[in-house]
file model-v9.cif (mmCIF, N, CA and C atoms)
data_target
#
loop_
_atom_site.group_PDB
_atom_site.id
_atom_site.type_symbol
_atom_site.label_atom_id
_atom_site.label_comp_id
_atom_site.auth_asym_id
_atom_site.auth_seq_id
_atom_site.Cartn_x
_atom_site.Cartn_y
_atom_site.Cartn_z
ATOM 1 N N THR A 1 0.841 -1.187 0.000
ATOM 2 C CA THR A 1 0.000 0.000 0.000
ATOM 3 C C THR A 1 0.877 1.238 0.000
ATOM 4 N N ASN A 2 0.521 2.185 -0.810
ATOM 5 C CA ASN A 2 1.222 3.455 -0.883
ATOM 6 C C ASN A 2 1.005 4.215 0.418
ATOM 7 N N LYS A 3 2.086 4.757 0.997
ATOM 8 C CA LYS A 3 1.969 5.472 2.278
ATOM 9 C C LYS A 3 1.079 6.703 2.182
ATOM 10 N N ASN A 4 0.932 7.264 0.980
ATOM 11 C CA ASN A 4 0.082 8.432 0.793
ATOM 12 C C ASN A 4 -1.385 8.057 0.590
ATOM 13 N N GLU A 5 -1.638 6.783 0.407
ATOM 14 C CA GLU A 5 -2.995 6.307 0.199
ATOM 15 C C GLU A 5 -3.721 6.227 1.544
ATOM 16 N N LYS A 6 -4.943 6.699 1.582
ATOM 17 C CA LYS A 6 -5.721 6.666 2.823
ATOM 18 C C LYS A 6 -6.241 5.260 3.085
ATOM 19 N N MET A 7 -6.332 4.918 4.362
ATOM 20 C CA MET A 7 -6.897 3.641 4.770
ATOM 21 C C MET A 7 -8.385 3.669 4.468
ATOM 22 N N ARG A 8 -8.876 2.598 3.902
ATOM 23 C CA ARG A 8 -10.304 2.505 3.618
ATOM 24 C C ARG A 8 -11.053 2.171 4.899
ATOM 25 N N THR A 9 -12.264 2.676 4.978
ATOM 26 C CA THR A 9 -13.123 2.402 6.125
ATOM 27 C C THR A 9 -14.310 1.586 5.645
ATOM 28 N N LEU A 10 -14.620 0.564 6.396
ATOM 29 C CA LEU A 10 -15.763 -0.278 6.079
ATOM 30 C C LEU A 10 -16.767 -0.154 7.205
ATOM 31 N N LYS A 11 -17.982 0.165 6.853
ATOM 32 C CA LYS A 11 -19.057 0.220 7.840
ATOM 33 C C LYS A 11 -20.115 -0.772 7.394
ATOM 34 N N LEU A 12 -20.440 -1.681 8.278
ATOM 35 C CA LEU A 12 -21.380 -2.743 7.972
ATOM 36 C C LEU A 12 -22.473 -2.737 9.027
ATOM 37 N N ASN A 13 -23.708 -2.613 8.607
ATOM 38 C CA ASN A 13 -24.845 -2.652 9.521
ATOM 39 C C ASN A 13 -25.598 -3.960 9.307
ATOM 40 N N ILE A 14 -25.747 -4.711 10.375
ATOM 41 C CA ILE A 14 -26.476 -5.974 10.326
ATOM 42 C C ILE A 14 -27.494 -5.966 11.459
ATOM 43 N N GLU A 15 -28.729 -6.267 11.139
ATOM 44 C CA GLU A 15 -29.757 -6.345 12.172
ATOM 45 C C GLU A 15 -29.734 -7.746 12.780
ATOM 46 N N VAL A 16 -29.621 -7.796 14.093
ATOM 47 C CA VAL A 16 -29.533 -9.065 14.813
ATOM 48 C C VAL A 16 -30.591 -9.080 15.902
ATOM 49 N N ASN A 17 -31.263 -10.201 16.042
ATOM 50 C CA ASN A 17 -32.298 -10.338 17.059
ATOM 51 C C ASN A 17 -31.674 -10.878 18.354
ATOM 52 N N ALA A 18 -30.864 -10.035 19.003
ATOM 53 C CA ALA A 18 -30.204 -10.415 20.263
ATOM 54 C C ALA A 18 -29.801 -9.134 20.979
ATOM 55 N N ASP A 19 -29.588 -9.248 22.294
ATOM 56 C CA ASP A 19 -29.165 -8.068 23.044
ATOM 57 C C ASP A 19 -27.697 -7.755 22.739
ATOM 58 N N GLU A 20 -27.313 -6.520 23.016
ATOM 59 C CA GLU A 20 -25.979 -6.023 22.685
ATOM 60 C C GLU A 20 -24.863 -6.867 23.296
ATOM 61 N N ALA A 21 -24.990 -7.248 24.552
ATOM 62 C CA ALA A 21 -23.944 -8.031 25.221
ATOM 63 C C ALA A 21 -23.738 -9.383 24.538
ATOM 64 N N THR A 22 -24.827 -10.024 24.144
ATOM 65 C CA THR A 22 -24.737 -11.317 23.460
ATOM 66 C C THR A 22 -24.037 -11.177 22.118
ATOM 67 N N VAL A 23 -24.378 -10.138 21.376
ATOM 68 C CA VAL A 23 -23.761 -9.910 20.063
ATOM 69 C C VAL A 23 -22.263 -9.689 20.205
ATOM 70 N N TRP A 24 -21.842 -8.772 21.087
ATOM 71 C CA TRP A 24 -20.418 -8.491 21.233
ATOM 72 C C TRP A 24 -19.658 -9.708 21.747
ATOM 73 N N ASN A 25 -20.251 -10.461 22.647
ATOM 74 C CA ASN A 25 -19.613 -11.662 23.164
ATOM 75 C C ASN A 25 -19.399 -12.687 22.044
ATOM 76 N N THR A 26 -20.402 -12.858 21.203
ATOM 77 C CA THR A 26 -20.299 -13.803 20.087
ATOM 78 C C THR A 26 -19.255 -13.344 19.074
ATOM 79 N N VAL A 27 -19.290 -12.079 18.698
ATOM 80 C CA VAL A 27 -18.323 -11.553 17.732
ATOM 81 C C VAL A 27 -16.902 -11.708 18.261
ATOM 82 N N PHE A 28 -16.698 -11.452 19.543
ATOM 83 C CA PHE A 28 -15.369 -11.581 20.137
ATOM 84 C C PHE A 28 -14.925 -13.043 20.205
ATOM 85 N N ASN A 29 -15.793 -13.908 20.695
ATOM 86 C CA ASN A 29 -15.434 -15.318 20.862
ATOM 87 C C ASN A 29 -15.296 -16.060 19.535
ATOM 88 N N GLU A 30 -15.933 -15.548 18.486
ATOM 89 C CA GLU A 30 -15.825 -16.141 17.145
ATOM 90 C C GLU A 30 -15.047 -15.211 16.215
ATOM 91 N N PHE A 31 -14.013 -14.568 16.756
ATOM 92 C CA PHE A 31 -13.212 -13.574 16.034
ATOM 93 C C PHE A 31 -12.709 -14.098 14.691
ATOM 94 N N GLY A 32 -12.294 -15.344 14.637
ATOM 95 C CA GLY A 32 -11.756 -15.915 13.405
ATOM 96 C C GLY A 32 -12.792 -16.237 12.351
ATOM 97 N N ALA A 33 -14.058 -16.113 12.682
ATOM 98 C CA ALA A 33 -15.140 -16.475 11.756
ATOM 99 C C ALA A 33 -15.792 -15.263 11.100
ATOM 100 N N VAL A 34 -15.071 -14.175 10.977
ATOM 101 C CA VAL A 34 -15.636 -12.941 10.435
ATOM 102 C C VAL A 34 -16.177 -13.135 9.015
ATOM 103 N N SER A 35 -15.639 -14.082 8.270
ATOM 104 C CA SER A 35 -16.128 -14.316 6.900
ATOM 105 C C SER A 35 -17.572 -14.816 6.883
ATOM 106 N N ASN A 36 -18.087 -15.267 8.018
ATOM 107 C CA ASN A 36 -19.479 -15.724 8.090
ATOM 108 C C ASN A 36 -20.479 -14.580 7.964
ATOM 109 N N PHE A 37 -20.051 -13.341 8.272
ATOM 110 C CA PHE A 37 -20.989 -12.226 8.181
ATOM 111 C C PHE A 37 -20.459 -11.019 7.429
ATOM 112 N N ASN A 38 -19.198 -11.010 7.042
ATOM 113 C CA ASN A 38 -18.650 -9.895 6.268
ATOM 114 C C ASN A 38 -18.495 -10.335 4.815
ATOM 115 N N PRO A 39 -19.300 -9.785 3.912
ATOM 116 C CA PRO A 39 -19.272 -10.228 2.523
ATOM 117 C C PRO A 39 -17.968 -9.898 1.779
ATOM 118 N N LEU A 40 -17.145 -9.024 2.324
ATOM 119 C CA LEU A 40 -15.879 -8.678 1.672
ATOM 120 C C LEU A 40 -14.746 -9.641 2.019
ATOM 121 N N VAL A 41 -14.963 -10.483 3.029
ATOM 122 C CA VAL A 41 -13.945 -11.457 3.450
ATOM 123 C C VAL A 41 -14.347 -12.822 2.896
ATOM 124 N N VAL A 42 -13.515 -13.353 1.999
ATOM 125 C CA VAL A 42 -13.804 -14.634 1.350
ATOM 126 C C VAL A 42 -13.638 -15.793 2.329
ATOM 127 N N ASP A 43 -12.607 -15.717 3.167
ATOM 128 C CA ASP A 43 -12.327 -16.774 4.139
ATOM 129 C C ASP A 43 -11.615 -16.135 5.329
ATOM 130 N N SER A 44 -11.801 -16.700 6.503
ATOM 131 C CA SER A 44 -11.094 -16.211 7.690
ATOM 132 C C SER A 44 -10.917 -17.371 8.662
ATOM 133 N N PHE A 45 -9.873 -17.261 9.480
ATOM 134 C CA PHE A 45 -9.615 -18.336 10.434
ATOM 135 C C PHE A 45 -8.745 -17.828 11.574
ATOM 136 N N ASP A 46 -8.845 -18.532 12.710
ATOM 137 C CA ASP A 46 -8.033 -18.208 13.885
ATOM 138 C C ASP A 46 -6.589 -18.605 13.629
ATOM 139 N N LEU A 47 -5.663 -17.777 14.098
ATOM 140 C CA LEU A 47 -4.233 -18.088 14.001
ATOM 141 C C LEU A 47 -3.673 -18.610 15.317
ATOM 142 N N LYS A 48 -4.342 -18.287 16.431
ATOM 143 C CA LYS A 48 -3.883 -18.721 17.754
ATOM 144 C C LYS A 48 -5.051 -19.357 18.493
ATOM 145 N N GLU A 49 -5.264 -20.639 18.267
ATOM 146 C CA GLU A 49 -6.377 -21.342 18.913
ATOM 147 C C GLU A 49 -6.309 -21.237 20.436
ATOM 148 N N ASP A 50 -5.100 -21.208 20.991
ATOM 149 C CA ASP A 50 -4.961 -21.146 22.453
ATOM 150 C C ASP A 50 -5.366 -19.796 23.030
ATOM 151 N N LYS A 51 -5.507 -18.771 22.179
ATOM 152 C CA LYS A 51 -5.911 -17.441 22.632
ATOM 153 C C LYS A 51 -7.363 -17.123 22.259
ATOM 154 N N LYS A 52 -8.074 -18.073 21.656
ATOM 155 C CA LYS A 52 -9.443 -17.833 21.213
ATOM 156 C C LYS A 52 -10.287 -17.358 22.390
ATOM 157 N N GLY A 53 -11.024 -16.271 22.174
ATOM 158 C CA GLY A 53 -11.873 -15.713 23.228
ATOM 159 C C GLY A 53 -11.109 -14.884 24.242
ATOM 160 N N GLN A 54 -9.864 -14.487 23.915
ATOM 161 C CA GLN A 54 -9.030 -13.704 24.832
ATOM 162 C C GLN A 54 -8.372 -12.550 24.083
ATOM 163 N N VAL A 55 -7.966 -11.516 24.822
ATOM 164 C CA VAL A 55 -7.114 -10.485 24.239
ATOM 165 C C VAL A 55 -5.840 -11.194 23.783
ATOM 166 N N GLY A 56 -5.387 -10.862 22.602
ATOM 167 C CA GLY A 56 -4.219 -11.516 22.024
ATOM 168 C C GLY A 56 -4.573 -12.497 20.924
ATOM 169 N N THR A 57 -5.876 -12.822 20.795
ATOM 170 C CA THR A 57 -6.280 -13.715 19.714
ATOM 171 C C THR A 57 -5.978 -13.069 18.366
ATOM 172 N N GLU A 58 -5.695 -13.886 17.368
ATOM 173 C CA GLU A 58 -5.336 -13.396 16.042
ATOM 174 C C GLU A 58 -6.125 -14.143 14.978
ATOM 175 N N ARG A 59 -6.329 -13.463 13.844
ATOM 176 C CA ARG A 59 -7.009 -14.092 12.721
ATOM 177 C C ARG A 59 -6.371 -13.632 11.419
ATOM 178 N N GLN A 60 -6.635 -14.415 10.387
ATOM 179 C CA GLN A 60 -6.282 -14.014 9.032
ATOM 180 C C GLN A 60 -7.568 -13.869 8.251
ATOM 181 N N CYS A 61 -7.685 -12.774 7.518
ATOM 182 C CA CYS A 61 -8.840 -12.509 6.666
ATOM 183 C C CYS A 61 -8.371 -12.495 5.223
ATOM 184 N N ASN A 62 -8.871 -13.424 4.420
ATOM 185 C CA ASN A 62 -8.512 -13.505 3.001
ATOM 186 C C ASN A 62 -9.557 -12.775 2.167
ATOM 187 N N PHE A 63 -9.074 -11.958 1.237
ATOM 188 C CA PHE A 63 -9.960 -11.192 0.371
ATOM 189 C C PHE A 63 -10.065 -11.790 -1.024
ATOM 190 N N ASP A 64 -9.382 -12.915 -1.246
ATOM 191 C CA ASP A 64 -9.510 -13.671 -2.489
ATOM 192 C C ASP A 64 -9.382 -15.152 -2.162
ATOM 193 N N SER A 65 -9.829 -15.991 -3.066
ATOM 194 C CA SER A 65 -9.842 -17.433 -2.788
ATOM 195 C C SER A 65 -8.450 -18.050 -2.768
ATOM 196 N N ALA A 66 -7.465 -17.393 -3.378
ATOM 197 C CA ALA A 66 -6.092 -17.911 -3.388
ATOM 198 C C ALA A 66 -5.344 -17.569 -2.098
ATOM 199 N N GLY A 67 -5.877 -16.661 -1.286
ATOM 200 C CA GLY A 67 -5.206 -16.258 -0.050
ATOM 201 C C GLY A 67 -4.009 -15.350 -0.285
ATOM 202 N N LYS A 68 -3.951 -14.709 -1.453
ATOM 203 C CA LYS A 68 -2.829 -13.806 -1.762
ATOM 204 C C LYS A 68 -3.068 -12.393 -1.246
ATOM 205 N N ASN A 69 -4.321 -12.012 -1.133
ATOM 206 C CA ASN A 69 -4.683 -10.694 -0.598
ATOM 207 C C ASN A 69 -5.343 -10.916 0.757
ATOM 208 N N TYR A 70 -4.625 -10.563 1.797
ATOM 209 C CA TYR A 70 -5.110 -10.844 3.144
ATOM 210 C C TYR A 70 -4.573 -9.828 4.135
ATOM 211 N N VAL A 71 -5.151 -9.838 5.321
ATOM 212 C CA VAL A 71 -4.610 -9.111 6.471
ATOM 213 C C VAL A 71 -4.582 -10.072 7.650
ATOM 214 N N LYS A 72 -3.656 -9.807 8.552
ATOM 215 C CA LYS A 72 -3.620 -10.522 9.827
ATOM 216 C C LYS A 72 -3.903 -9.491 10.907
ATOM 217 N N GLU A 73 -4.801 -9.849 11.820
ATOM 218 C CA GLU A 73 -5.262 -8.922 12.847
ATOM 219 C C GLU A 73 -5.146 -9.552 14.225
ATOM 220 N N ARG A 74 -4.972 -8.690 15.218
ATOM 221 C CA ARG A 74 -4.833 -9.130 16.612
ATOM 222 C C ARG A 74 -5.704 -8.240 17.498
ATOM 223 N N VAL A 75 -6.431 -8.859 18.428
ATOM 224 C CA VAL A 75 -7.211 -8.100 19.413
ATOM 225 C C VAL A 75 -6.249 -7.629 20.496
ATOM 226 N N THR A 76 -6.213 -6.318 20.733
ATOM 227 C CA THR A 76 -5.292 -5.756 21.724
ATOM 228 C C THR A 76 -5.985 -5.242 22.981
ATOM 229 N N LYS A 77 -7.289 -4.953 22.877
ATOM 230 C CA LYS A 77 -8.053 -4.480 24.039
ATOM 231 C C LYS A 77 -9.481 -4.967 23.886
ATOM 232 N N LYS A 78 -10.149 -5.182 25.006
ATOM 233 C CA LYS A 78 -11.557 -5.584 24.991
ATOM 234 C C LYS A 78 -12.290 -4.824 26.087
ATOM 235 N N TRP A 79 -13.515 -4.440 25.812
ATOM 236 C CA TRP A 79 -14.400 -3.849 26.805
ATOM 237 C C TRP A 79 -15.774 -4.461 26.582
ATOM 238 N N ASP A 80 -16.750 -4.094 27.376
ATOM 239 C CA ASP A 80 -18.069 -4.748 27.349
ATOM 240 C C ASP A 80 -18.726 -4.764 25.973
ATOM 241 N N ASN A 81 -18.668 -3.662 25.267
ATOM 242 C CA ASN A 81 -19.386 -3.591 23.998
ATOM 243 C C ASN A 81 -18.457 -3.348 22.809
ATOM 244 N N GLY A 82 -17.301 -3.973 22.817
ATOM 245 C CA GLY A 82 -16.400 -3.847 21.682
ATOM 246 C C GLY A 82 -14.984 -4.278 21.998
ATOM 247 N N PHE A 83 -14.140 -4.132 21.004
ATOM 248 C CA PHE A 83 -12.726 -4.460 21.176
ATOM 249 C C PHE A 83 -11.910 -3.724 20.127
ATOM 250 N N HIS A 84 -10.612 -3.617 20.370
ATOM 251 C CA HIS A 84 -9.686 -2.923 19.476
ATOM 252 C C HIS A 84 -8.865 -3.963 18.726
ATOM 253 N N ILE A 85 -8.695 -3.745 17.438
ATOM 254 C CA ILE A 85 -7.934 -4.657 16.589
ATOM 255 C C ILE A 85 -6.755 -3.914 15.977
ATOM 256 N N ASP A 86 -5.590 -4.523 16.009
ATOM 257 C CA ASP A 86 -4.431 -4.026 15.272
ATOM 258 C C ASP A 86 -4.222 -4.893 14.051
ATOM 259 N N ILE A 87 -4.019 -4.266 12.906
ATOM 260 C CA ILE A 87 -3.638 -4.993 11.704
ATOM 261 C C ILE A 87 -2.118 -5.024 11.689
ATOM 262 N N TYR A 88 -1.512 -6.208 11.718
ATOM 263 C CA TYR A 88 -0.060 -6.292 11.806
ATOM 264 C C TYR A 88 0.587 -6.879 10.558
ATOM 265 N N GLU A 89 -0.187 -7.366 9.632
ATOM 266 C CA GLU A 89 0.385 -7.837 8.365
ATOM 267 C C GLU A 89 -0.656 -7.747 7.284
#
call {"tool": "encode", "arguments": {"input": "model-v9.cif", "output": "C-alpha cells"}}
result
Amino acid sequence: TNKNEKMRTLKLNIEVNADEATVWNTVFNEFGAVSNFNPLVVDSFDLKEDKKGQVGTERQCNFDSAGKNYVKERVTKKWDNGFHIDIYE
C-alpha cells in the first residue's frame, strides 16, 4: 500500500435479534469467523487457537480465494461492547 494512500473504512450494519452483550460476546469469541458475516472477506480463520476468546487472539482474513490478498489482525483491548484490533500484516 502506498503510504500516501488513505486507509479505507468499512461500515457494515447488520440487524440481529439479540441483546448487545450477546452480540459483542459472540463476535469476540468467534473472532476468526468474520467471513461468516462480512461479505468482503472470502475466508477467515483463527491463528492462535490457544488465545481464542481472549485479548491476544489473532485471525487471518482472506480477500480472495487464493489467499494472496489478506490481512492478519490481533485483538489488543476488549471492553463490554467492543474491542480494538491491530492490523499487523
call {"tool": "resolve_selection", "arguments": {"input": "model-v9.cif", "expression": "the PyMOL selection byres ((chain A and resi 89) around 6.5)", "output": "PDB file with N, CA and C atoms, in the coordinates of the input"}}
result
ATOM      1  N   TYR A  70      -4.625 -10.563   1.797  1.00  0.00           N
ATOM      2  CA  TYR A  70      -5.110 -10.844   3.144  1.00  0.00           C
ATOM      3  C   TYR A  70      -4.573  -9.828   4.135  1.00  0.00           C
ATOM      4  N   VAL A  71      -5.151  -9.838   5.321  1.00  0.00           N
ATOM      5  CA  VAL A  71      -4.610  -9.111   6.471  1.00  0.00           C
ATOM      6  C   VAL A  71      -4.582 -10.072   7.650  1.00  0.00           C
ATOM      7  N   LYS A  72      -3.656  -9.807   8.552  1.00  0.00           N
ATOM      8  CA  LYS A  72      -3.620 -10.522   9.827  1.00  0.00           C
ATOM      9  C   LYS A  72      -3.903  -9.491  10.907  1.00  0.00           C
ATOM     10  N   GLU A  73      -4.801  -9.849  11.820  1.00  0.00           N
ATOM     11  CA  GLU A  73      -5.262  -8.922  12.847  1.00  0.00           C
ATOM     12  C   GLU A  73      -5.146  -9.552  14.225  1.00  0.00           C
ATOM     13  N   ASP A  86      -5.590  -4.523  16.009  1.00  0.00           N
ATOM     14  CA  ASP A  86      -4.431  -4.026  15.272  1.00  0.00           C
ATOM     15  C   ASP A  86      -4.222  -4.893  14.051  1.00  0.00           C
ATOM     16  N   ILE A  87      -4.019  -4.266  12.906  1.00  0.00           N
ATOM     17  CA  ILE A  87      -3.638  -4.993  11.704  1.00  0.00           C
ATOM     18  C   ILE A  87      -2.118  -5.024  11.689  1.00  0.00           C
ATOM     19  N   TYR A  88      -1.512  -6.208  11.718  1.00  0.00           N
ATOM     20  CA  TYR A  88      -0.060  -6.292  11.806  1.00  0.00           C
ATOM     21  C   TYR A  88       0.587  -6.879  10.558  1.00  0.00           C
TER      22      TYR A  88
END
call {"tool": "residues_around", "arguments": {"input": "model-v9.cif", "residues": "segment 30-32 of chain A", "least_positions_apart": "6", "cutoff": "6 Å", "atoms": "only N, CA and C atoms", "output": "JSON, numbers by chain"}}
result
{"A": [44, 45, 46, 59]}
call {"tool": "residues_around", "arguments": {"input": "model-v9.cif", "residues": "Val55 of chain A", "least_positions_apart": "6", "cutoff": "6.5 Å", "atoms": "only N, CA and C atoms", "output": "count of residues only"}}
result
4
call {"tool": "atom_distance", "arguments": {"input": "model-v9.cif", "atom1": "atom C of Val23 of chain A", "atom2": "atom C of Asn81 of chain A"}}
result
7.8 Å
call {"tool": "atom_distance", "arguments": {"input": "model-v9.cif", "atom1": "atom C of Cys61 of chain A", "atom2": "atom C of Glu15 of chain A"}}
result
23.2 Å
call {"tool": "atom_distance", "arguments": {"input": "model-v9.cif", "atom1": "atom N of Lys68 of chain A", "atom2": "atom C of Gly56 of chain A"}}
result
22.5 Å
call {"tool": "select_by_dssp", "arguments": {"input": "model-v9.cif", "residues": "chain A", "states": "strand (DSSP E or B)", "output": "PyMOL selection string"}}
result
chain A and resi 43-46+58-62+70-79+82-87
call {"tool": "write_last_selection", "arguments": {"input": "model-v9.cif", "atoms": "N, CA and C atoms", "output": "mmCIF file, keeping the file's coordinate frame"}}
result
data_model
loop_
_atom_site.group_PDB
_atom_site.id
_atom_site.type_symbol
_atom_site.label_atom_id
_atom_site.label_comp_id
_atom_site.auth_asym_id
_atom_site.auth_seq_id
_atom_site.Cartn_x
_atom_site.Cartn_y
_atom_site.Cartn_z
ATOM 1 N N ASP A 43 -12.607 -15.717 3.167
ATOM 2 C CA ASP A 43 -12.327 -16.774 4.139
ATOM 3 C C ASP A 43 -11.615 -16.135 5.329
ATOM 4 N N SER A 44 -11.801 -16.700 6.503
ATOM 5 C CA SER A 44 -11.094 -16.211 7.690
ATOM 6 C C SER A 44 -10.917 -17.371 8.662
ATOM 7 N N PHE A 45 -9.873 -17.261 9.480
ATOM 8 C CA PHE A 45 -9.615 -18.336 10.434
ATOM 9 C C PHE A 45 -8.745 -17.828 11.574
ATOM 10 N N ASP A 46 -8.845 -18.532 12.710
ATOM 11 C CA ASP A 46 -8.033 -18.208 13.885
ATOM 12 C C ASP A 46 -6.589 -18.605 13.629
ATOM 13 N N GLU A 58 -5.695 -13.886 17.368
ATOM 14 C CA GLU A 58 -5.336 -13.396 16.042
ATOM 15 C C GLU A 58 -6.125 -14.143 14.978
ATOM 16 N N ARG A 59 -6.329 -13.463 13.844
ATOM 17 C CA ARG A 59 -7.009 -14.092 12.721
ATOM 18 C C ARG A 59 -6.371 -13.632 11.419
ATOM 19 N N GLN A 60 -6.635 -14.415 10.387
ATOM 20 C CA GLN A 60 -6.282 -14.014 9.032
ATOM 21 C C GLN A 60 -7.568 -13.869 8.251
ATOM 22 N N CYS A 61 -7.685 -12.774 7.518
ATOM 23 C CA CYS A 61 -8.840 -12.509 6.666
ATOM 24 C C CYS A 61 -8.371 -12.495 5.223
ATOM 25 N N ASN A 62 -8.871 -13.424 4.420
ATOM 26 C CA ASN A 62 -8.512 -13.505 3.001
ATOM 27 C C ASN A 62 -9.557 -12.775 2.167
ATOM 28 N N TYR A 70 -4.625 -10.563 1.797
ATOM 29 C CA TYR A 70 -5.110 -10.844 3.144
ATOM 30 C C TYR A 70 -4.573 -9.828 4.135
ATOM 31 N N VAL A 71 -5.151 -9.838 5.321
ATOM 32 C CA VAL A 71 -4.610 -9.111 6.471
ATOM 33 C C VAL A 71 -4.582 -10.072 7.650
ATOM 34 N N LYS A 72 -3.656 -9.807 8.552
ATOM 35 C CA LYS A 72 -3.620 -10.522 9.827
ATOM 36 C C LYS A 72 -3.903 -9.491 10.907
ATOM 37 N N GLU A 73 -4.801 -9.849 11.820
ATOM 38 C CA GLU A 73 -5.262 -8.922 12.847
ATOM 39 C C GLU A 73 -5.146 -9.552 14.225
ATOM 40 N N ARG A 74 -4.972 -8.690 15.218
ATOM 41 C CA ARG A 74 -4.833 -9.130 16.612
ATOM 42 C C ARG A 74 -5.704 -8.240 17.498
ATOM 43 N N VAL A 75 -6.431 -8.859 18.428
ATOM 44 C CA VAL A 75 -7.211 -8.100 19.413
ATOM 45 C C VAL A 75 -6.249 -7.629 20.496
ATOM 46 N N THR A 76 -6.213 -6.318 20.733
ATOM 47 C CA THR A 76 -5.292 -5.756 21.724
ATOM 48 C C THR A 76 -5.985 -5.242 22.981
ATOM 49 N N LYS A 77 -7.289 -4.953 22.877
ATOM 50 C CA LYS A 77 -8.053 -4.480 24.039
ATOM 51 C C LYS A 77 -9.481 -4.967 23.886
ATOM 52 N N LYS A 78 -10.149 -5.182 25.006
ATOM 53 C CA LYS A 78 -11.557 -5.584 24.991
ATOM 54 C C LYS A 78 -12.290 -4.824 26.087
ATOM 55 N N TRP A 79 -13.515 -4.440 25.812
ATOM 56 C CA TRP A 79 -14.400 -3.849 26.805
ATOM 57 C C TRP A 79 -15.774 -4.461 26.582
ATOM 58 N N GLY A 82 -17.301 -3.973 22.817
ATOM 59 C CA GLY A 82 -16.400 -3.847 21.682
ATOM 60 C C GLY A 82 -14.984 -4.278 21.998
ATOM 61 N N PHE A 83 -14.140 -4.132 21.004
ATOM 62 C CA PHE A 83 -12.726 -4.460 21.176
ATOM 63 C C PHE A 83 -11.910 -3.724 20.127
ATOM 64 N N HIS A 84 -10.612 -3.617 20.370
ATOM 65 C CA HIS A 84 -9.686 -2.923 19.476
ATOM 66 C C HIS A 84 -8.865 -3.963 18.726
ATOM 67 N N ILE A 85 -8.695 -3.745 17.438
ATOM 68 C CA ILE A 85 -7.934 -4.657 16.589
ATOM 69 C C ILE A 85 -6.755 -3.914 15.977
ATOM 70 N N ASP A 86 -5.590 -4.523 16.009
ATOM 71 C CA ASP A 86 -4.431 -4.026 15.272
ATOM 72 C C ASP A 86 -4.222 -4.893 14.051
ATOM 73 N N ILE A 87 -4.019 -4.266 12.906
ATOM 74 C CA ILE A 87 -3.638 -4.993 11.704
ATOM 75 C C ILE A 87 -2.118 -5.024 11.689
#
call {"tool": "closest_residue", "arguments": {"input": "model-v9.cif", "among": "A:Lys52, A:Asp43, A:Ala18, A:Phe37", "to": "Ser65 of chain A", "atoms": "all atoms listed in the file"}}
result
A:Asp43
call {"tool": "resolve_selection", "arguments": {"input": "model-v9.cif", "expression": "the PyMOL selection byres ((chain A and resi 41) around 6.5)", "output": "ChimeraX atom specification"}}
result
/A:34-35,38-40,42-44,61-64
call {"tool": "closest_residue", "arguments": {"input": "model-v9.cif", "among": "A:Asn69, A:Phe83, A:Gln54, A:Gln60", "to": "Asn29 of chain A", "atoms": "only C-alpha atoms"}}
result
A:Gln54
call {"tool": "select_by_dssp", "arguments": {"input": "model-v9.cif", "residues": "chain A", "states": "helix (DSSP H, G or I)", "output": "list in words"}}
result
Glu20, Ala21, Thr22, Val23, Trp24, Asn25, Thr26, Val27, Phe28, Asn29, Phe31, Gly32, Ala33, Val34, Ser35, Asn36, Glu49, Asp50 and Lys51 of chain A
call {"tool": "axis_aligned_box", "arguments": {"input": "model-v9.cif", "around": "segment 69-83 of chain A", "padding_each_side": "3 Å", "output": "JSON"}}
result
{"center_x": -11.5, "center_y": -7.7, "center_z": 13.1, "size_x": 21.8, "size_y": 14.7, "size_z": 34.5}
